[in-house]
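Just final-v1.cif here, mmCIF, C-alpha atoms:
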```cif
data_my_file
loop_
_atom_site.label_atom_id
_atom_site.label_comp_id
_atom_site.auth_asym_id
_atom_site.auth_seq_id
_atom_site.Cartn_x
_atom_site.Cartn_y
_atom_site.Cartn_z
CA MET P 1 26.10 -6.54 28.00
CA SER P 2 23.98 -5.64 31.04
CA GLU P 3 20.25 -6.19 31.17
CA GLU P 4 19.69 -2.41 31.38
CA ILE P 5 21.56 -1.80 28.12
CA ILE P 6 19.71 -4.61 26.39
CA TRP P 7 16.40 -3.20 27.64
CA LEU P 8 17.28 0.29 26.38
CA PHE P 9 18.35 -1.15 23.03
CA ASN P 10 15.09 -3.06 22.63
CA LEU P 11 13.10 0.00 23.68
CA GLY P 12 14.91 2.14 21.12
CA PHE P 13 14.41 -0.47 18.41
CA PHE P 14 10.67 -0.61 19.17
CA ALA P 15 10.41 3.21 19.29
CA VAL P 16 11.92 3.53 15.82
CA GLY P 17 9.48 0.88 14.60
CA VAL P 18 6.57 2.91 15.98
CA VAL P 19 7.89 5.99 14.17
CA CYS P 20 8.04 4.01 10.92
CA PHE P 21 4.47 2.81 11.47
CA LEU P 22 3.25 6.37 12.10
CA LEU P 23 5.11 7.56 9.02
CA GLY P 24 3.35 4.83 7.06
CA LEU P 25 -0.03 6.05 8.35
CA ALA P 26 0.78 9.58 7.14
CA ILE P 27 1.99 8.32 3.75
CA GLY P 28 -1.12 6.16 3.51
CA SER P 29 -3.26 9.25 4.03
CA PHE P 30 -1.46 10.91 1.12
CA LEU P 31 -1.87 7.76 -0.98
CA ASN P 32 -5.63 7.97 -0.41
CA VAL P 33 -5.52 11.37 -2.11
CA CYS P 34 -3.51 9.94 -5.01
CA ILE P 35 -5.83 6.94 -5.38
CA TRP P 36 -8.87 9.21 -5.59
CA ARG P 37 -7.49 12.04 -7.72
CA LEU P 38 -4.94 10.66 -10.15
CA PRO P 39 -7.35 8.46 -12.16
CA ARG P 40 -9.63 11.49 -12.42
CA GLU P 41 -6.73 13.61 -13.70
CA GLU P 42 -7.00 15.96 -10.72
CA SER P 43 -4.13 17.71 -8.96
CA ILE P 44 -2.92 16.03 -5.78
CA ILE P 45 -1.91 19.44 -4.40
CA ARG P 46 -4.81 21.79 -5.06
CA PRO P 47 -7.44 22.09 -3.82
CA GLY P 48 -6.71 20.94 -0.29
CA SER P 49 -8.37 17.89 1.22
CA HIS P 50 -12.12 18.24 1.14
CA CYS P 51 -15.25 16.14 1.54
CA PRO P 52 -16.21 14.58 -1.81
CA ALA P 53 -19.90 14.96 -0.92
CA CYS P 54 -20.18 18.56 0.33
CA SER P 55 -16.78 19.92 -0.87
CA THR P 56 -16.09 21.48 2.54
CA VAL P 57 -12.37 21.93 3.16
CA LEU P 58 -11.30 19.61 5.97
CA GLY P 59 -9.39 20.73 9.03
CA VAL P 60 -6.56 19.08 10.91
CA ARG P 61 -8.87 17.15 13.22
CA ASP P 62 -10.62 15.66 10.17
CA LEU P 63 -7.37 14.39 8.66
CA VAL P 64 -5.59 12.52 11.45
CA PRO P 65 -4.92 9.06 9.96
CA VAL P 66 -7.27 6.35 11.27
CA LEU P 67 -8.20 8.25 14.44
CA SER P 68 -10.32 10.88 12.64
CA TRP P 69 -12.33 8.15 10.95
CA ILE P 70 -12.90 6.42 14.29
CA PHE P 71 -13.85 9.54 16.22
CA LEU P 72 -16.11 10.79 13.44
CA ARG P 73 -17.71 7.32 13.22
CA GLY P 74 -16.97 7.07 9.54
CA LYS P 75 -18.92 10.20 8.61
CA CYS P 76 -18.14 13.71 7.41
CA ARG P 77 -18.25 16.19 10.30
CA PHE P 78 -20.08 18.74 8.15
CA CYS P 79 -22.62 16.83 6.05
CA SER P 80 -22.63 13.39 7.72
CA ALA P 81 -21.85 11.68 4.41
CA ARG P 82 -20.42 8.21 4.87
CA ILE P 83 -16.63 7.88 4.65
CA SER P 84 -15.52 4.53 3.29
CA PRO P 85 -13.63 2.32 5.76
CA ARG P 86 -11.13 1.79 3.00
CA TYR P 87 -9.51 5.12 3.88
CA PRO P 88 -8.24 3.93 7.27
CA ALA P 89 -7.59 0.50 5.73
CA VAL P 90 -5.14 2.01 3.23
CA GLU P 91 -3.47 3.98 6.03
CA LEU P 92 -3.14 0.90 8.25
CA LEU P 93 -1.90 -1.23 5.36
CA THR P 94 0.81 1.30 4.51
CA GLY P 95 1.75 1.66 8.17
CA GLY P 96 1.98 -2.11 8.51
CA LEU P 97 4.14 -2.44 5.41
CA PHE P 98 6.49 0.27 6.68
CA PHE P 99 6.75 -1.47 10.05
CA VAL P 100 7.49 -4.85 8.43
CA THR P 101 10.08 -3.16 6.20
CA TYR P 102 11.81 -1.70 9.25
CA LEU P 103 11.85 -5.08 11.00
CA HIS P 104 13.30 -6.71 7.87
CA TYR P 105 16.01 -4.21 6.93
CA GLY P 106 16.57 -2.08 10.00
CA PRO P 107 17.52 1.60 9.57
CA SER P 108 19.20 1.61 6.15
CA LEU P 109 18.97 2.83 2.59
CA GLU P 110 17.44 -0.54 1.69
CA MET P 111 14.63 0.20 4.15
CA ILE P 112 13.92 3.57 2.55
CA ALA P 113 13.91 2.01 -0.93
CA ALA P 114 11.50 -0.72 0.18
CA MET P 115 9.19 1.86 1.75
CA VAL P 116 9.08 3.78 -1.53
CA PHE P 117 8.33 0.52 -3.29
CA ALA P 118 5.54 -0.31 -0.85
CA ALA P 119 3.91 3.11 -1.35
CA PHE P 120 3.85 2.62 -5.12
CA LEU P 121 2.37 -0.86 -4.78
CA VAL P 122 -0.43 0.33 -2.48
CA ALA P 123 -1.43 3.17 -4.81
CA ILE P 124 -1.27 0.99 -7.94
CA THR P 125 -3.26 -1.79 -6.28
CA PHE P 126 -6.20 0.32 -5.20
CA ILE P 127 -6.37 2.35 -8.41
CA ASP P 128 -6.48 -0.92 -10.34
CA LEU P 129 -9.21 -2.26 -8.04
CA ASP P 130 -11.30 0.88 -8.53
CA HIS P 131 -10.78 1.64 -12.21
CA GLN P 132 -9.11 -1.43 -13.75
CA ILE P 133 -6.24 0.74 -14.99
CA ILE P 134 -2.58 1.13 -14.08
CA LEU P 135 -1.46 4.67 -14.81
CA ASP P 136 1.48 5.10 -17.20
CA GLY P 137 2.87 8.06 -15.27
CA MET P 138 2.95 6.10 -12.04
CA LEU P 139 4.64 3.16 -13.77
CA ALA P 140 7.29 5.48 -15.22
CA LEU P 141 8.05 6.84 -11.75
CA LEU P 142 8.12 3.30 -10.37
CA ALA P 143 10.65 2.22 -13.00
CA VAL P 144 12.89 5.28 -12.59
CA SER P 145 12.85 5.10 -8.79
CA GLY P 146 13.71 1.40 -8.97
CA LEU P 147 16.59 2.05 -11.35
CA VAL P 148 18.02 4.77 -9.10
CA LEU P 149 17.37 3.34 -5.64
CA GLN P 150 18.35 -0.24 -6.37
CA LEU P 151 21.60 0.91 -7.93
CA MET P 152 22.25 3.02 -4.83
CA THR P 153 21.60 0.09 -2.50
CA GLY P 154 23.49 -2.37 -4.68
CA ALA P 155 20.70 -4.91 -4.20
CA VAL P 156 20.23 -5.41 -7.95
CA GLY P 157 22.91 -5.11 -10.61
CA PHE P 158 22.53 -2.81 -13.61
CA TRP P 159 22.23 -5.57 -16.23
CA SER P 160 20.07 -7.67 -13.92
CA MET P 161 17.61 -4.76 -13.82
CA TRP P 162 17.33 -4.50 -17.57
CA LEU P 163 17.06 -8.26 -17.98
CA GLY P 164 14.36 -8.33 -15.32
CA ALA P 165 12.42 -5.57 -17.09
CA LEU P 166 12.77 -7.32 -20.46
CA VAL P 167 11.75 -10.74 -19.15
CA GLY P 168 8.92 -9.44 -16.96
CA GLY P 169 7.37 -7.24 -19.61
CA GLY P 170 8.06 -9.72 -22.40
CA LEU P 171 6.52 -12.66 -20.56
CA LEU P 172 3.29 -10.83 -19.81
CA LEU P 173 3.20 -9.41 -23.33
CA VAL P 174 3.21 -12.95 -24.70
CA LEU P 175 0.46 -13.93 -22.25
CA ALA P 176 -1.56 -10.85 -23.20
CA ILE P 177 -1.37 -11.78 -26.88
CA ILE P 178 -2.29 -15.41 -26.21
CA SER P 179 -5.19 -14.48 -23.92
CA GLN P 180 -6.52 -11.95 -26.47
CA GLY P 181 -7.40 -9.29 -23.93
CA GLY P 182 -7.46 -11.44 -20.83
CA MET P 183 -4.49 -9.45 -19.59
CA GLY P 184 -4.19 -5.71 -20.08
CA GLY P 185 -1.34 -3.59 -21.35
CA GLY P 186 -1.05 -1.99 -17.91
CA ASP P 187 -0.11 -5.36 -16.41
CA VAL P 188 2.58 -5.79 -19.06
CA LYS P 189 4.12 -2.40 -18.30
CA PHE P 190 3.75 -3.02 -14.57
CA ALA P 191 5.80 -6.22 -14.83
CA ALA P 192 8.46 -4.42 -16.86
CA ALA P 193 8.72 -1.63 -14.25
CA LEU P 194 8.98 -4.20 -11.47
CA GLY P 195 11.92 -5.75 -13.28
CA PHE P 196 14.03 -2.72 -12.31
CA TRP P 197 13.27 -3.41 -8.65
CA LEU P 198 13.51 -7.20 -8.60
CA GLY P 199 16.04 -7.89 -11.35
CA TRP P 200 16.69 -11.36 -12.68
CA PRO P 201 15.55 -13.94 -11.58
CA GLY P 202 13.58 -12.08 -8.90
CA ILE P 203 10.99 -10.89 -11.40
CA LEU P 204 10.13 -14.49 -12.30
CA LEU P 205 9.57 -15.33 -8.64
CA GLY P 206 7.39 -12.25 -8.15
CA LEU P 207 5.25 -13.07 -11.16
CA PHE P 208 5.00 -16.73 -10.18
CA ILE P 209 3.73 -15.80 -6.71
CA GLY P 210 1.31 -13.33 -8.30
CA PHE P 211 -0.07 -15.97 -10.66
CA VAL P 212 -0.51 -18.50 -7.86
CA ALA P 213 -2.21 -15.96 -5.59
CA GLY P 214 -4.38 -14.65 -8.43
CA GLY P 215 -5.48 -18.14 -9.43
CA ALA P 216 -6.29 -19.15 -5.85
CA ILE P 217 -8.28 -16.00 -5.08
CA SER P 218 -10.12 -16.15 -8.40
CA LEU P 219 -11.18 -19.74 -7.76
CA LEU P 220 -12.32 -18.79 -4.27
CA LEU P 221 -14.38 -15.87 -5.60
CA LEU P 222 -15.98 -18.11 -8.22
CA ALA P 223 -16.68 -20.86 -5.70
CA THR P 224 -18.35 -18.45 -3.28
CA GLY P 225 -20.38 -16.74 -6.03
CA LEU P 226 -18.84 -13.35 -5.35
CA ARG P 227 -17.68 -13.24 -8.96
CA GLY P 228 -18.98 -14.88 -12.10
CA ARG P 229 -17.02 -16.44 -14.94
CA LYS P 230 -17.49 -13.35 -17.09
CA ASP P 231 -16.57 -10.87 -14.34
CA PHE P 232 -13.26 -9.09 -14.71
CA ILE P 233 -10.78 -9.57 -11.87
CA PRO P 234 -7.83 -7.11 -12.00
CA PHE P 235 -4.47 -8.84 -11.96
CA GLY P 236 -2.42 -5.82 -10.84
CA PRO P 237 -3.00 -6.38 -7.09
CA PHE P 238 -1.71 -9.96 -7.36
CA ILE P 239 1.38 -8.82 -9.26
CA ALA P 240 1.95 -6.26 -6.49
CA LEU P 241 1.64 -8.95 -3.81
CA GLY P 242 4.12 -11.20 -5.58
CA ALA P 243 6.55 -8.33 -6.10
CA TRP P 244 6.45 -7.35 -2.43
CA ILE P 245 7.18 -10.90 -1.27
CA ALA P 246 9.94 -11.25 -3.87
CA LEU P 247 11.60 -7.99 -2.82
CA LEU P 248 11.77 -8.85 0.87
CA TYR P 249 12.15 -12.62 0.80
CA GLY P 250 13.09 -13.43 -2.80
CA LYS P 251 16.75 -14.24 -2.16
CA ASN P 252 15.88 -16.63 0.67
CA ILE P 253 13.13 -18.31 -1.34
CA LEU P 254 15.37 -18.74 -4.40
CA ALA P 255 18.24 -20.04 -2.28
CA TRP P 256 15.89 -22.59 -0.71
CA TYR P 257 14.60 -23.63 -4.12
CA PHE P 258 18.02 -23.98 -5.75
CA SER P 259 19.25 -26.01 -2.77
CA PHE P 260 17.05 -28.84 -4.03
CA LEU P 261 18.65 -28.71 -7.47
CA ILE P 262 22.22 -29.06 -6.28
#
```
Starting from the coordinates I provided, produce the structure as structure tokens.
Amino acid sequence: MSEEIIWLFNLGFFAVGVVCFLLGLAIGSFLNVCIWRLPREESIIRPGSHCPACSTVLGVRDLVPVLSWIFLRGKCRFCSARISPRYPAVELLTGGLFFVTYLHYGPSLEMIAAMVFAAFLVAITFIDLDHQIILDGMLALLAVSGLVLQLMTGAVGFWSMWLGALVGGGLLLVLAIISQGGMGGGDVKFAAALGFWLGWPGILLGLFIGFVAGGAISLLLLATGLRGRKDFIPFGPFIALGAWIALLYGKNILAWYFSFLI
């Protein structure tokens, strides 16, 4: 293969990656709407995007992901109200996850499924951070989409899905009962929904990573004084982190682990 063909191939591969990143930015902008409105039981369609402070309907130049926030210096163009930097952060996070997904899977149905999964995890994470709730409707969509898309990709078998959902939800249900409120019902249902995506034993790996990450971050927050012993720290974001790692790298991690047992 000539150097020119290799160069064109690499250029095309990078161009598709950029498109996936830009798509992630756009989806992240939509997720910002979902994160704000769904917990408040507002429609994500009507009214159109508007400033929460002055209610002025925003134009196209106010809604370009990341760039609008930069050019407007983090303020509303109409009333100068501050716009949280978390808006571009969500957009960049989603764009980054889409780009990583493309690099991992390449153009494929598995890539599309993982992008859907990433979008759900981002929305669930930030809603849980803001309101300490995980919405039942969103979890139902997560479970159904996992059941459909993972069967289409063949990545997880039918019975593996149901076993993953049973084990994931059942394990956290037991922990919720033992902790007497230390873990919420939303986390239990979240783990069950993730079982349809990760199957068995992927769900155990995802939860294990989530517990390790949650414990480490909680200790760090306590050590730095950013949180006290009685402060509530939502566990949903850590479950989401573990699930994402398990989806992309779970098979490799489990293969490495079981290699020590043989």
Which residues, named as in the file, does the PyMOL selection byres ((chain P and resi 101) around 10) pick out? Answer as a short mmCIF file (atom, residue, chain, number, x, y, z; two decimals) with C-alpha atoms, keeping the file's coordinate frame.
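The file below, result32.cif, is the result:
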```cif
data_model
loop_
_atom_site.label_atom_id
_atom_site.label_comp_id
_atom_site.auth_asym_id
_atom_site.auth_seq_id
_atom_site.Cartn_x
_atom_site.Cartn_y
_atom_site.Cartn_z
CA GLY P 17 9.48 0.88 14.60
CA CYS P 20 8.04 4.01 10.92
CA PHE P 21 4.47 2.81 11.47
CA GLY P 95 1.75 1.66 8.17
CA GLY P 96 1.98 -2.11 8.51
CA LEU P 97 4.14 -2.44 5.41
CA PHE P 98 6.49 0.27 6.68
CA PHE P 99 6.75 -1.47 10.05
CA VAL P 100 7.49 -4.85 8.43
CA TYR P 102 11.81 -1.70 9.25
CA LEU P 103 11.85 -5.08 11.00
CA HIS P 104 13.30 -6.71 7.87
CA TYR P 105 16.01 -4.21 6.93
CA GLY P 106 16.57 -2.08 10.00
CA PRO P 107 17.52 1.60 9.57
CA GLU P 110 17.44 -0.54 1.69
CA MET P 111 14.63 0.20 4.15
CA ILE P 112 13.92 3.57 2.55
CA ALA P 113 13.91 2.01 -0.93
CA ALA P 114 11.50 -0.72 0.18
CA MET P 115 9.19 1.86 1.75
CA ALA P 118 5.54 -0.31 -0.85
CA LEU P 248 11.77 -8.85 0.87
#
```
(request) Compare P:Leu135, P:Ser145, P:Trp159, P:Leu205 by their minimum atom-to-atom distance to P:Arg40, counting all atoms listed in the file, and give me the closest one. (result)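 Of all the options, P:Leu135 lies closest to P:Arg40.
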(message) I'd like the residues picked by the PyMOL selection byres ((chain P and resi 44-58) around 8) written out as a ChimeraX atom specification, using the chain letters and numbers from the file.
(response) /P:33-34,37-38,42-43,59-60,62-63,76,78-79,81
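In this model, the gap between atom CA of P:Ala193 and atom CA of P:Gly146 comes to 7.9 Å.
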(request) Name every residue that the PyMOL selection byres ((chain P and resi 85) around 10) selects in this structure, writing the answer as a count of residues only with chains first and numbers rising. (result) 14
(request) Check the smallest atom-to-atom distance from each of P:Gly186, P:Gly24, P:Gly12, P:Gly225 to P:His131 using all atoms listed in the file, then report the winner. (result)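 The closest residue to P:His131 is P:Gly186.
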(message) As an exercise, work out the distance from atom CA of P:Gly210 to atom CA of P:Gly185 in Å and give it to one decimal place.
(response) 16.5 Å
(message) Nearest residue to P:Thr125 out of P:Leu93, P:Val144, P:Ile245, P:Ala176, using all atoms listed in the file?
(response)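 Ranked by minimum distance to P:Thr125, first place goes to P:Leu93.
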(request) Have a look at P:Phe158, P:Trp36, P:Tyr249, P:Phe258 and name the one nearest to P:Ile127; count all atoms listed in the file. (result)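 When distances to P:Ile127 are compared using all atoms listed in the file, the smallest one comes from P:Trp36.
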(request) Find, counting all atoms listed in the file, the residue in P:Ile239, P:Leu226, P:Ile253, P:Leu109 that gets nearest to P:Ile124. (result)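 The answer is P:Ile239, which sits nearest to P:Ile124.
The smallest atom-to-atom distance between P:Leu121 and any of P:Ile35, P:Leu149, P:Val19, P:Val167, using all atoms listed in the file, is found for P:Ile35.
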(message) I'd like the interatomic distance between atom CA of P:Trp200 and atom CA of P:Gly164, to a tenth of an Å.
(response)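 Taking atom CA of P:Trp200 as the start and atom CA of P:Gly164 as the end point, the length is 4.6 Å.
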(request) Please determine the residues with any atom at most 10 Å from (-14.1, 0.5, -11.1) (coordinates as given in the file, with all atoms listed in the file counting) and report them as a VMD selection string. (result) chain P and resid 126 to 133 234
Output C-alpha atoms of each residue in that selection to a file, as a PDB file, in the frame of the given file.
```pdb
ATOM      1  CA  PHE P 126      -6.200   0.320  -5.200  1.00  0.00           C
ATOM      2  CA  ILE P 127      -6.370   2.350  -8.410  1.00  0.00           C
ATOM      3  CA  ASP P 128      -6.480  -0.920 -10.340  1.00  0.00           C
ATOM      4  CA  LEU P 129      -9.210  -2.260  -8.040  1.00  0.00           C
ATOM      5  CA  ASP P 130     -11.300   0.880  -8.530  1.00  0.00           C
ATOM      6  CA  HIS P 131     -10.780   1.640 -12.210  1.00  0.00           C
ATOM      7  CA  GLN P 132      -9.110  -1.430 -13.750  1.00  0.00           C
ATOM      8  CA  ILE P 133      -6.240   0.740 -14.990  1.00  0.00           C
ATOM      9  CA  PRO P 234      -7.830  -7.110 -12.000  1.00  0.00           C
TER      10      PRO P 234
END
```
(request) Determine, counting all atoms listed in the file, which protein, DNA and RNA residues have an atom within 7 Å of an atom of P:Gly28; residues of the same chain fewer than 2 positions away are not included. Present the result as a ChimeraX atom specification. (result) /P:24-26,30-32,90-91,94
(message) Around (14.7, -1.7, -15.3), as given in the file, which residues come within 9 Å? Count all atoms listed in the file and list them as a ChimeraX atom specification.
(response) /P:143-144,146-147,158-166,192-199
Taking the partial coordinates given, rebuild stretch 93-104 of chain P to contain all heavy atoms; return it as a short mmCIF file (atom, residue, chain, number, x, y, z; two decimals), keeping the file's coordinate frame.
```cif
data_model
loop_
_atom_site.label_atom_id
_atom_site.label_comp_id
_atom_site.auth_asym_id
_atom_site.auth_seq_id
_atom_site.Cartn_x
_atom_site.Cartn_y
_atom_site.Cartn_z
N LEU P 93 -2.69 -0.35 6.21
CA LEU P 93 -1.90 -1.23 5.36
C LEU P 93 -0.51 -0.63 5.11
O LEU P 93 0.51 -1.33 5.24
CB LEU P 93 -2.61 -1.46 4.03
CG LEU P 93 -1.83 -2.24 2.96
CD1 LEU P 93 -1.49 -3.64 3.46
CD2 LEU P 93 -2.62 -2.31 1.66
N THR P 94 -0.48 0.64 4.77
CA THR P 94 0.81 1.30 4.51
C THR P 94 1.65 1.34 5.77
O THR P 94 2.86 1.07 5.74
CB THR P 94 0.59 2.72 3.97
OG1 THR P 94 -0.34 2.69 2.88
CG2 THR P 94 1.90 3.32 3.48
N GLY P 95 1.02 1.67 6.91
CA GLY P 95 1.75 1.66 8.17
C GLY P 95 2.31 0.28 8.49
O GLY P 95 3.46 0.15 8.94
N GLY P 96 1.52 -0.75 8.27
CA GLY P 96 1.98 -2.11 8.51
C GLY P 96 3.13 -2.50 7.62
O GLY P 96 4.10 -3.13 8.06
N LEU P 97 3.07 -2.12 6.33
CA LEU P 97 4.14 -2.44 5.41
C LEU P 97 5.43 -1.72 5.80
O LEU P 97 6.53 -2.29 5.71
CB LEU P 97 3.74 -2.05 3.98
CG LEU P 97 2.63 -2.90 3.34
CD1 LEU P 97 2.26 -2.34 1.98
CD2 LEU P 97 3.04 -4.36 3.22
N PHE P 98 5.31 -0.48 6.24
CA PHE P 98 6.49 0.27 6.68
C PHE P 98 7.10 -0.38 7.92
O PHE P 98 8.33 -0.46 8.06
CB PHE P 98 6.12 1.72 6.96
CG PHE P 98 6.12 2.61 5.75
CD1 PHE P 98 5.72 2.12 4.51
CD2 PHE P 98 6.49 3.93 5.83
CE1 PHE P 98 5.71 2.93 3.38
CE2 PHE P 98 6.50 4.76 4.72
CZ PHE P 98 6.11 4.26 3.49
N PHE P 99 6.26 -0.84 8.82
CA PHE P 99 6.75 -1.47 10.05
C PHE P 99 7.47 -2.78 9.72
O PHE P 99 8.55 -3.06 10.24
CB PHE P 99 5.60 -1.73 11.01
CG PHE P 99 6.01 -2.28 12.34
CD1 PHE P 99 6.67 -1.49 13.26
CD2 PHE P 99 5.76 -3.61 12.66
CE1 PHE P 99 7.07 -1.99 14.49
CE2 PHE P 99 6.15 -4.13 13.88
CZ PHE P 99 6.81 -3.31 14.80
N VAL P 100 6.87 -3.59 8.84
CA VAL P 100 7.49 -4.85 8.43
C VAL P 100 8.82 -4.58 7.72
O VAL P 100 9.82 -5.29 7.92
CB VAL P 100 6.54 -5.64 7.51
CG1 VAL P 100 7.27 -6.81 6.85
CG2 VAL P 100 5.34 -6.14 8.29
N THR P 101 8.85 -3.52 6.90
CA THR P 101 10.08 -3.16 6.20
C THR P 101 11.19 -2.81 7.19
O THR P 101 12.34 -3.23 7.03
CB THR P 101 9.82 -1.96 5.27
OG1 THR P 101 8.83 -2.33 4.30
CG2 THR P 101 11.08 -1.54 4.55
N TYR P 102 10.83 -2.06 8.23
CA TYR P 102 11.81 -1.70 9.25
C TYR P 102 12.33 -2.95 9.97
O TYR P 102 13.54 -3.09 10.20
CB TYR P 102 11.19 -0.74 10.25
CG TYR P 102 12.01 -0.55 11.50
CD1 TYR P 102 13.22 0.13 11.47
CD2 TYR P 102 11.58 -1.09 12.72
CE1 TYR P 102 13.99 0.28 12.61
CE2 TYR P 102 12.34 -0.95 13.87
CZ TYR P 102 13.55 -0.26 13.82
OH TYR P 102 14.30 -0.12 14.94
N LEU P 103 11.43 -3.86 10.32
CA LEU P 103 11.85 -5.08 11.00
C LEU P 103 12.78 -5.91 10.11
O LEU P 103 13.70 -6.56 10.61
CB LEU P 103 10.64 -5.92 11.40
CG LEU P 103 9.71 -5.34 12.47
CD1 LEU P 103 8.56 -6.31 12.73
CD2 LEU P 103 10.46 -5.04 13.76
N HIS P 104 12.53 -5.87 8.80
CA HIS P 104 13.30 -6.71 7.87
C HIS P 104 14.68 -6.12 7.60
O HIS P 104 15.68 -6.86 7.62
CB HIS P 104 12.53 -6.86 6.56
CG HIS P 104 13.19 -7.81 5.60
ND1 HIS P 104 13.09 -9.17 5.71
CD2 HIS P 104 13.96 -7.58 4.50
CE1 HIS P 104 13.75 -9.75 4.73
NE2 HIS P 104 14.30 -8.80 3.98
#
```
